[in-house]
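Chemist: One structure, pasted below without further comment.
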Amino acid sequence: MFTTGSKLLIGSALLATIATIAYGIAQGGTLGTIGLASAATALWFLAGVNIYVRDCNVAIDEAGALTVSAAARQAPPSSPWPIVGALGAAALLLSVVTYPAVGIAGLVLLLAATAEWMVQAWSERGSADAAYNDEIRARLAHPLEMPILGVIGAGVIIYSFSRVMLSLTKVGTTVTFSVLAALVLFVAFMFAARPKVSSGTIGGVVGLAVVALVAGGAVAAFSGERDMHVIETTADLAERGRCGTEASEADKKSSQTLAGKTNLAATLTLDDAGILSAEVPGFNESTSRLTLPRSNPNNVVFRNDSDTDRRLVIDVGPSGDMESRTLCTALVEPGGVQFLTVIFDMPTFAVPDGHRFTVPGVESAVVEVTVP
Amino acid sequence: MTHRTRGTAGVTDVANHDRTSMQPATPMTSVTPVSTTRPLRRRAAWLGVAGGAIALSGCATNAPQDTWAPRGENAQMIHDLQWPIFAIAGVVGLIVFVAVGYSVVKFRDRGQPIPEQTHGRPALEIGLTILPAVILAVIAVPTVSTIFALADTDDTDCVINVTGQQWWWEYDYPVLDDGTICGYEPADGLTAAPIITSGQLVMPAGTNVLVRGTSRDVIHSYWIPQLNGKKDMVPGRVHYLRLQSDTPGIYAGQCTEFCGLSHANMRMEAVVLEPADFQRWIDNELAPYEAPEEGTLAAQGETVYVQQCARCHQVNGLVDPLTGDLVVSNPQDHVWSGAAPNLTKLMARNTFAGATWDLLTPECRADVWEAAPEDFGERYLEGVSEACLNTVDLREWLRNSPAKKPMYADAERLEVTDGKVRGMPYLALSEDQIDALLAYLLERK
Ligand SMILES: [Cu+2]
């Protein structure tokens with residue numbers, strides 16, 4: 001009375017029920033128990049439906065039963081998916097004693113095998129015609145398989161490329177990949193010029209290239225990346241106490257134009273005469289005195305209208321564990337602008353020397369800041 | 001197949017046929033004549049009640065946030081713009097509603113044949129395109145000029161910095177190059193220093209005040225309806241808002257950009273004082289700290305304050321009675337926004353915690369809030385006296401502030417903010433400590 005399909009479902013439902021009881025007693029967690037109970041209910045329901053429709057099996061007295069129904073087929077062809085699935089399960093178990101990555105790979109294999117196996121099994125019951133069955137399998141599975149395989153393939157190739165590029169020297173990379181690109185072009189041209197080349201040959205060449213690439217990538221990955229040159233930033237400048245008049249690498253690479261020019265706390269301009277002044281909307285004249293809120297990012301812009309490279313510096317006073325903390329812009333070319341975000345942790349009355357914007361090398365350039 | 005008993009020949013019938021043919025042949029229920037008058041009348045009654053309630057709510061006598069009651073030049077500009085537009089829109093709306101209502105009643109389905117369908121009436125269509133365009137163009141002229149006038153910062157007399165944070169507003173008054181605050185020179189013997197306060201923005205009457213606003217955490221919006229429109233206060237940006245009023249008084253407002261748990265409790269008030277009163281206010285704010293007399297309850301309160309409150313709140317000039325050091329708050333280490341209200345002159349304002357609760361008892365509050373403009377300054381500058389202190393709300397606040405105002409202050413759930421609170425945490429103070437603190441705070445004015 002139990003059809004093949006319902007046996008599976010009844011078994012699963014039974015297992016879920018036992019698990020529910022065992023978990024409920026042993027662990028006592030409501031959420032887990034509810035989850036398992038839901039699974040059991042769903043499985044029992046499916047089993048019931050399956051028994052009721054008798055697996056959707058064809059009745060023997062139907063016309064096509066002995067010729068075109070799936071049941072009329074000989075044995076189905078052998079399938080790789082049980083083995084792949086077993087491999088996945090094994091990897092999943094192995095991950096407990098090895099690396100989590102193995103487990104992830106196992107899980108992926110297991111899921112892939114389950115999905116593929118189900119699609120294959122479904123297609124094999126499609127009809128008695130094996131070719132037709134293959135076709136419906138492809139129709140269902142390809143839209144799923146192709147993008148995933150494509151992504152994996154592209155990922156492997158890109159990753160290998162990047163490893164090779166990162167491990168060669170800067171010049172080496174340029175040379176190698178120029179040669180490789182030329183080679184690809186040449187081979188492609190050769191193929192194009194001889195339409196008679198068998199697809200086997202093409203496949204072989206491409207396969208060989210991929211294997212070589214992956215091997216190269218693996219070797220490169222193990223030999224590590226070349227030494228990278230780290231470019232200084234203005235934040236580093238402040239930390240290394242290099243907010244003086246001297247130019248550093250960070251200054252040379254700095255941008256002298258700005259995107260954000262509106263809604264600033266103030267614009268500070270250094271003029272020809274060495275005077276630093278602040279412009280703030282609402283104050284009609286520019287001022288040499290600013291009031292900026294505490295514990296808040298204040299965005300100011302420094303504009304250098306003098307004829308020497310200059311930078312804006314401020315000591316914001318104690319900050320976190322630091323006794324005092326200096327912030328500065330990069331060196332600004334004559335006519336250039338730079339942005340600076342300043343946060344004051346302490347009010348001015350609590351800082352012995354107070355707060356002020358200055359310009360190294362220009363004694364007269366001072367804008368007093370009060371933090372209430 | 002079913003048939004339309006009241007059907008007419010033509011397109012609709014085919015459509016109907018198509019639709020019904022997909023369903024089992026059941027008699028159409030809508031054919032049965034049903035009396036619609038009774039539910040209609042009941043619905044009309046309900047509509048009447050709801051409409052009446054809404055209309056009546058417009059008659060509230062105590063509506064401090066009324067957008068139709070400007071008390072300053074900027075709000076007046078908005079008002080002068082909005083009522084003619086409202087009138088035009090009202091007339092247009094009325095015409096449309098009447099036309100629609102007339103058509104609905106006049107041409108309702110009484111089983112008459114579908115009238116002849118026409119397409120296109122160029123004169124009407126062009127006319128009905130041009131007419132709204134003309135109306136919009138006419139409206140655009142004053143709208144744009146008002147927008148520009150409200151964005152002007154050139155005629156500023158006084159700049160006040162406003163900083164929003166969850167869930168209160170901080171104000172600071174910068175000292176200008178000439179040593180004044182908004183052009184007001186502190187009285188002899190007082191040094192000009194930035195004034196810092198919260199909740200109530202105090203400004204001189206007849207003065208173009210420019211708010212330079214920003215935020216310490218999320219976006220807030222500053223809105224004193226009787227003085228101007230809304231302005232978002234955005235972290236990292238400084239936005240400008242004009243405020244002006246000739247009439248002394250208190251003008252209420254509230255944050256109008258949803259900003260988290262206690263958004264509804266993030267209010268503010270603008271307090272307008274005559275210039276002479278404003279001068280007195282400034283002098284009082286700048287007056288040096290006076291330590292409580294030794295041996296008093298307030299002196300005990302000072303000690304409790306230094307131990308319990310000073311890590312977040314600043315009282316300018318306070319010196320630790322035990323060590324003799326100047327006490328400097330560190331809200332940046334304890335509060336997510338990095339700030340807590342400055343309590344130096346707490347009792348010089350009359351609301352607290354986002355201007356949500358009164359520091360004055362209801363009777364004393366009425367004396368100030370309902371004072372005539374000429375008396376207002378005097379009343380306001382009295383601050384909070386012992387007899388007038390609303391101990392109920394302030395005690396509740398000190399006993400358990402997160403219970404009074406919803407805040408993210410549960411010590412066990414602060415991973416996302418690096419252990420910092422948003423708002424003021426529960427401090428487990430004893431009633432004796434609260435008594436002492438009240439005595440101490442009462443002297444902060
Ligand atoms: Cu807010």
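Letters A, B, ... go to the chains of the structure tokens in the order shown; residues in each chain start at 1; ligands are counted from 1 in the same order.
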Produce as a JSON list (two decimals) with C-alpha atoms, in the first residue's frame the set of residues near ligand 1, where near means within 6 Å with only C-alpha atoms and all ligand atoms considered.
Modeler:
```json
[["chain", "number", "residue", "atom", "x", "y", "z"],
["B", 167, "TRP", "CA", 16.60, 64.45, 22.50],
["B", 220, "HIS", "CA", 16.74, 66.73, 13.69],
["B", 255, "CYS", "CA", 11.66, 68.60, 16.61],
["B", 257, "GLU", "CA", 12.35, 65.11, 11.93],
["B", 259, "CYS", "CA", 14.97, 61.14, 15.46],
["B", 263, "HIS", "CA", 11.46, 62.28, 19.24],
["B", 266, "MET", "CA", 12.26, 66.72, 21.91]]
```
Chemist: With only C-alpha atoms as the counted atoms, please give the residues lying no more than 9 Å from Gly335 of chain A, apart from itself and same-chain residues fewer than 6 positions off, as a list in words.
Modeler: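 Contacts, with the query itself left out: Gln256, Arg303, Asn304, Asp305, Ser306 and Asp307 of chain A.
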Chemist: What would the file look like if the residues just selected were written as a PDB file, in the first residue's frame with N, CA, C and O atoms?
Modeler:
```pdb
ATOM      1  N   GLN A 256      43.796  69.575  -4.582  1.00  0.00           N
ATOM      2  CA  GLN A 256      43.739  70.995  -4.256  1.00  0.00           C
ATOM      3  C   GLN A 256      42.384  71.595  -4.587  1.00  0.00           C
ATOM      4  O   GLN A 256      42.216  72.801  -4.608  1.00  0.00           O
ATOM      5  N   ARG A 303      41.676  77.988   2.599  1.00  0.00           N
ATOM      6  CA  ARG A 303      41.972  78.513   1.264  1.00  0.00           C
ATOM      7  C   ARG A 303      43.275  79.286   1.357  1.00  0.00           C
ATOM      8  O   ARG A 303      43.444  80.140   2.226  1.00  0.00           O
ATOM      9  N   ASN A 304      44.203  78.951   0.489  1.00  0.00           N
ATOM     10  CA  ASN A 304      45.515  79.608   0.528  1.00  0.00           C
ATOM     11  C   ASN A 304      45.612  80.655  -0.563  1.00  0.00           C
ATOM     12  O   ASN A 304      45.823  80.337  -1.732  1.00  0.00           O
ATOM     13  N   ASP A 305      45.457  81.916  -0.182  1.00  0.00           N
ATOM     14  CA  ASP A 305      45.582  83.001  -1.163  1.00  0.00           C
ATOM     15  C   ASP A 305      46.956  83.669  -1.086  1.00  0.00           C
ATOM     16  O   ASP A 305      47.166  84.732  -1.665  1.00  0.00           O
ATOM     17  N   SER A 306      47.886  83.064  -0.357  1.00  0.00           N
ATOM     18  CA  SER A 306      49.250  83.615  -0.333  1.00  0.00           C
ATOM     19  C   SER A 306      50.016  83.017  -1.508  1.00  0.00           C
ATOM     20  O   SER A 306      49.444  82.263  -2.293  1.00  0.00           O
ATOM     21  N   ASP A 307      51.310  83.335  -1.628  1.00  0.00           N
ATOM     22  CA  ASP A 307      52.011  82.818  -2.807  1.00  0.00           C
ATOM     23  C   ASP A 307      52.987  81.694  -2.477  1.00  0.00           C
ATOM     24  O   ASP A 307      53.840  81.352  -3.280  1.00  0.00           O
TER      25      ASP A 307
END
```
Chemist: Could I get the residues of chain B with an atom no further than 6 Å from an atom of chain A, each paired with its nearest atom pair and that distance in Å to one decimal, using only C-alpha atoms, sorted by chain and residue number, as a Markdown table?
Modeler:
```
| residue | atom | partner | partner_atom | distance |
| --- | --- | --- | --- | --- |
| B:Thr153 | CA | A:Gly282 | CA | 5.1 |
| B:Thr156 | CA | A:Gly282 | CA | 5.7 |
| B:Pro174 | CA | A:Thr291 | CA | 5.6 |
| B:Pro194 | CA | A:Pro372 | CA | 5.8 |
| B:Arg216 | CA | A:Asn296 | CA | 5.6 |
| B:Gly236 | CA | A:Pro297 | CA | 5.9 |
| B:Arg237 | CA | A:Asn263 | CA | 5.1 |
| B:Val238 | CA | A:Asn263 | CA | 4.7 |
| B:Gly338 | CA | A:Ser295 | CA | 5.2 |
```
Chemist: Could the residues in this selection be written to a file with C-alpha atoms, as a tab-separated table (two decimals), in the first residue's frame?
Modeler:
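This is the output file out.tsv:
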```
chain	number	residue	atom	x	y	z
B	153	THR	CA	21.78	85.94	5.97
B	156	THR	CA	21.80	89.35	10.61
B	174	PRO	CA	29.46	83.23	20.54
B	194	PRO	CA	30.28	81.99	25.22
B	216	ARG	CA	25.58	65.72	16.96
B	236	GLY	CA	28.40	67.60	9.59
B	237	ARG	CA	26.50	70.44	7.99
B	238	VAL	CA	25.59	73.91	9.20
B	338	GLY	CA	28.97	63.54	23.21
```
Chemist: Enumerate as a CSV table (one decimal) with C-alpha atoms, in the first residue's frame all residues of segment 144-341 of chain A assigned to alpha helix (DSSP H) by DSSP on the backbone, naming them with the chain letters and numbers the document uses.
Modeler:
```
chain,number,residue,atom,x,y,z
A,144,LEU,CA,20.3,27.4,-12.7
A,145,GLU,CA,23.6,25.7,-13.5
A,146,MET,CA,24.9,28.0,-16.2
A,147,PRO,CA,25.1,31.2,-14.3
A,148,ILE,CA,26.5,29.5,-11.2
A,149,LEU,CA,29.1,27.7,-13.3
A,150,GLY,CA,29.9,30.9,-15.2
A,151,VAL,CA,30.4,32.8,-11.9
A,152,ILE,CA,32.6,30.0,-10.5
A,153,GLY,CA,34.7,29.9,-13.8
A,154,ALA,CA,35.1,33.6,-14.0
A,155,GLY,CA,35.9,33.8,-10.3
A,156,VAL,CA,38.6,31.2,-10.6
A,157,ILE,CA,40.1,32.9,-13.6
A,158,ILE,CA,40.0,36.4,-12.1
A,159,TYR,CA,41.4,35.2,-8.8
A,160,SER,CA,44.2,33.4,-10.5
A,161,PHE,CA,45.0,36.4,-12.6
A,162,SER,CA,45.0,38.7,-9.6
A,163,ARG,CA,47.3,36.4,-7.6
A,164,VAL,CA,49.8,36.3,-10.5
A,165,MET,CA,49.6,40.1,-10.9
A,166,LEU,CA,50.2,40.7,-7.2
A,167,SER,CA,53.2,38.4,-6.9
A,170,LYS,CA,55.3,46.0,-11.2
A,171,VAL,CA,57.3,45.9,-14.4
A,172,GLY,CA,57.1,42.0,-14.5
A,173,THR,CA,53.3,42.2,-14.4
A,174,THR,CA,53.1,44.7,-17.2
A,175,VAL,CA,55.4,42.6,-19.5
A,176,THR,CA,53.8,39.3,-18.6
A,177,PHE,CA,50.3,40.4,-19.3
A,178,SER,CA,51.2,42.3,-22.5
A,179,VAL,CA,52.8,39.1,-23.8
A,180,LEU,CA,49.9,37.0,-22.6
A,181,ALA,CA,47.3,39.3,-24.2
A,182,ALA,CA,49.3,39.2,-27.5
A,183,LEU,CA,49.4,35.4,-27.3
A,184,VAL,CA,45.6,35.2,-26.7
A,185,LEU,CA,45.1,37.5,-29.7
A,186,PHE,CA,47.4,35.4,-31.8
A,187,VAL,CA,45.9,32.1,-31.0
A,188,ALA,CA,42.4,33.4,-31.4
A,189,PHE,CA,43.4,34.8,-34.8
A,190,MET,CA,44.9,31.4,-35.8
A,191,PHE,CA,41.6,29.7,-34.9
A,192,ALA,CA,39.6,32.2,-36.8
A,193,ALA,CA,41.8,31.9,-39.8
A,199,SER,CA,36.4,21.8,-31.6
A,200,GLY,CA,38.4,19.1,-29.8
A,201,THR,CA,41.6,21.0,-30.5
A,202,ILE,CA,40.2,24.3,-29.5
A,203,GLY,CA,38.8,22.7,-26.3
A,204,GLY,CA,42.2,21.2,-25.6
A,205,VAL,CA,44.1,24.5,-26.1
A,206,VAL,CA,41.6,26.4,-23.9
A,207,GLY,CA,41.6,23.7,-21.3
A,208,LEU,CA,45.4,23.7,-21.2
A,209,ALA,CA,45.4,27.5,-20.9
A,210,VAL,CA,43.0,27.4,-17.9
A,211,VAL,CA,44.9,24.7,-16.2
A,212,ALA,CA,48.1,26.7,-16.7
A,213,LEU,CA,46.5,29.8,-15.4
A,214,VAL,CA,45.1,28.1,-12.3
A,215,ALA,CA,48.4,26.4,-11.6
A,216,GLY,CA,50.2,29.8,-12.0
A,217,GLY,CA,47.7,31.4,-9.7
A,218,ALA,CA,48.2,28.6,-7.1
A,219,VAL,CA,52.0,29.0,-7.3
A,220,ALA,CA,51.7,32.8,-7.0
A,221,ALA,CA,49.3,32.6,-4.1
A,222,PHE,CA,51.7,30.5,-2.2
A,223,SER,CA,54.7,32.7,-3.0
A,234,THR,CA,47.3,63.7,6.0
A,235,ALA,CA,46.0,61.8,9.0
A,236,ASP,CA,49.4,60.1,9.1
A,237,LEU,CA,51.0,63.5,8.9
A,238,ALA,CA,49.3,64.6,12.1
A,239,GLU,CA,50.2,61.4,13.9
A,249,GLU,CA,54.6,62.6,0.1
A,250,ALA,CA,51.0,63.1,1.4
A,251,ASP,CA,51.2,66.7,0.4
A,252,LYS,CA,52.4,65.9,-3.1
A,253,LYS,CA,49.5,63.5,-3.7
```
Chemist: Can you tell me which residues surround Ala115 of chain A at a distance of at most 12 Å, considering only C-alpha atoms, apart from same-chain residues fewer than 4 positions away, and format the answer as a PyMOL selection string?
Modeler: chain A and resi 81-82+84-85+108-111+119-122+137+140-141+144-145
Chemist: So that I can check the surroundings of Ala428 of chain B, please list as a PDB file with N, CA, C and O atoms, in the first residue's frame every protein, DNA and RNA residue that reaches within 9 Å of it, counting only C-alpha atoms and ignoring chain neighbours fewer than 4 positions away.
Modeler:
```
ATOM      1  N   LEU B 398      15.132  62.795  38.431  1.00  0.00           N
ATOM      2  CA  LEU B 398      16.368  62.384  39.110  1.00  0.00           C
ATOM      3  C   LEU B 398      16.246  60.961  39.653  1.00  0.00           C
ATOM      4  O   LEU B 398      17.224  60.227  39.714  1.00  0.00           O
ATOM      5  N   ARG B 399      15.039  60.581  40.030  1.00  0.00           N
ATOM      6  CA  ARG B 399      14.834  59.233  40.563  1.00  0.00           C
ATOM      7  C   ARG B 399      15.092  58.200  39.469  1.00  0.00           C
ATOM      8  O   ARG B 399      15.760  57.206  39.698  1.00  0.00           O
ATOM      9  N   ASN B 400      14.544  58.425  38.301  1.00  0.00           N
ATOM     10  CA  ASN B 400      14.701  57.451  37.218  1.00  0.00           C
ATOM     11  C   ASN B 400      14.367  58.126  35.886  1.00  0.00           C
ATOM     12  O   ASN B 400      13.240  58.038  35.404  1.00  0.00           O
TER      13      ASN B 400
END
```
Chemist: Work out how far apart atom CA of Glu382 of chain B and atom CA of Ala264 of chain B are and give it in Å to one decimal.
Modeler: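 Interatomic distance, atom CA of Glu382 of chain B to atom CA of Ala264 of chain B: 28.8 Å.
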Chemist: When DSSP is applied to the backbone of this structure, which of segment 57-300 of chain B are assigned strand (DSSP E)? Write them out as a ChimeraX atom specification.
Modeler: /B:158-165,168-173,195-198,200-204,209-215,220-222,231-233,239-243,249-254,267-273
Chemist: Just want the 10 Å neighbourhood of Trp281 of chain B, counted on only C-alpha atoms, with same-chain residues fewer than 5 positions away dropped. Output as a PyMOL selection string.
Modeler: chain B and resi 186+202-204+273+275-276+286-287+348+377+380-381
Chemist: Would you compute the distance between atom CA of Val416 of chain B and atom CA of Ser221 of chain B? Give it in Å to one decimal.
Modeler: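 A separation of 24.3 Å between them.
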Chemist: Can you pull out the residues contacting segment 38-41 of chain A? Cut-off 7 Å, using only C-alpha atoms, and skip same-chain residues under 5 positions away; I want them as a PDB file with all heavy atoms, in the first residue's frame.
Modeler:
```pdb
ATOM      1  N   ALA A  13       8.917  12.027   8.080  1.00  0.00           N
ATOM      2  CA  ALA A  13       7.971  12.549   9.059  1.00  0.00           C
ATOM      3  C   ALA A  13       8.185  11.874  10.406  1.00  0.00           C
ATOM      4  O   ALA A  13       8.169  12.512  11.462  1.00  0.00           O
ATOM      5  CB  ALA A  13       6.544  12.335   8.566  1.00  0.00           C
ATOM      6  N   ALA A  16      11.260  13.248  11.988  1.00  0.00           N
ATOM      7  CA  ALA A  16      11.023  14.596  12.528  1.00  0.00           C
ATOM      8  C   ALA A  16      10.245  14.511  13.834  1.00  0.00           C
ATOM      9  O   ALA A  16      10.514  15.236  14.789  1.00  0.00           O
ATOM     10  CB  ALA A  16      10.275  15.435  11.502  1.00  0.00           C
ATOM     11  N   THR A  17       9.277  13.592  13.867  1.00  0.00           N
ATOM     12  CA  THR A  17       8.471  13.452  15.080  1.00  0.00           C
ATOM     13  C   THR A  17       9.333  12.993  16.246  1.00  0.00           C
ATOM     14  O   THR A  17       9.273  13.539  17.354  1.00  0.00           O
ATOM     15  CB  THR A  17       7.341  12.440  14.835  1.00  0.00           C
ATOM     16  OG1 THR A  17       6.705  12.773  13.605  1.00  0.00           O
ATOM     17  CG2 THR A  17       6.332  12.485  15.966  1.00  0.00           C
TER      18      THR A  17
END
```
Chemist: Could you check which of B:Ala187, B:Leu326, B:Val92, B:Met77 is closest to Arg280 of chain B, using only C-alpha atoms?
Modeler: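 That would be B:Ala187, the residue with the smallest distance to Arg280 of chain B.
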Chemist: Pick out the closest residue to Gly317 of chain B from this set: B:Ser329, B:Thr180, B:Ser198, B:Asn350. Count only C-alpha atoms.
Modeler: B:Ser329
Chemist: Could you list, as a VMD selection string, every residue within 12 Å of Ile104 of chain A, counting only C-alpha atoms and ignoring same-chain residues fewer than 4 positions away?
Modeler: chain A and resid 88 to 96 98 to 100 108 to 111
Chemist: Measure the distance from atom CA of Thr358 of chain A to atom CA of Leu268 of chain A in Å and round it to one decimal.
Modeler: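 Here the two named atoms are 10.2 Å from each other.
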Chemist: I need the residue nearest Gln300 of chain B from this list: B:Gly183, B:Pro288, B:Pro321, B:Gly423. Use only C-alpha atoms for the distance.
Modeler: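 Checking each of B:Gly183, B:Pro288, B:Pro321, B:Gly423 against Gln300 of chain B, counting only C-alpha atoms, the winner is B:Pro321.
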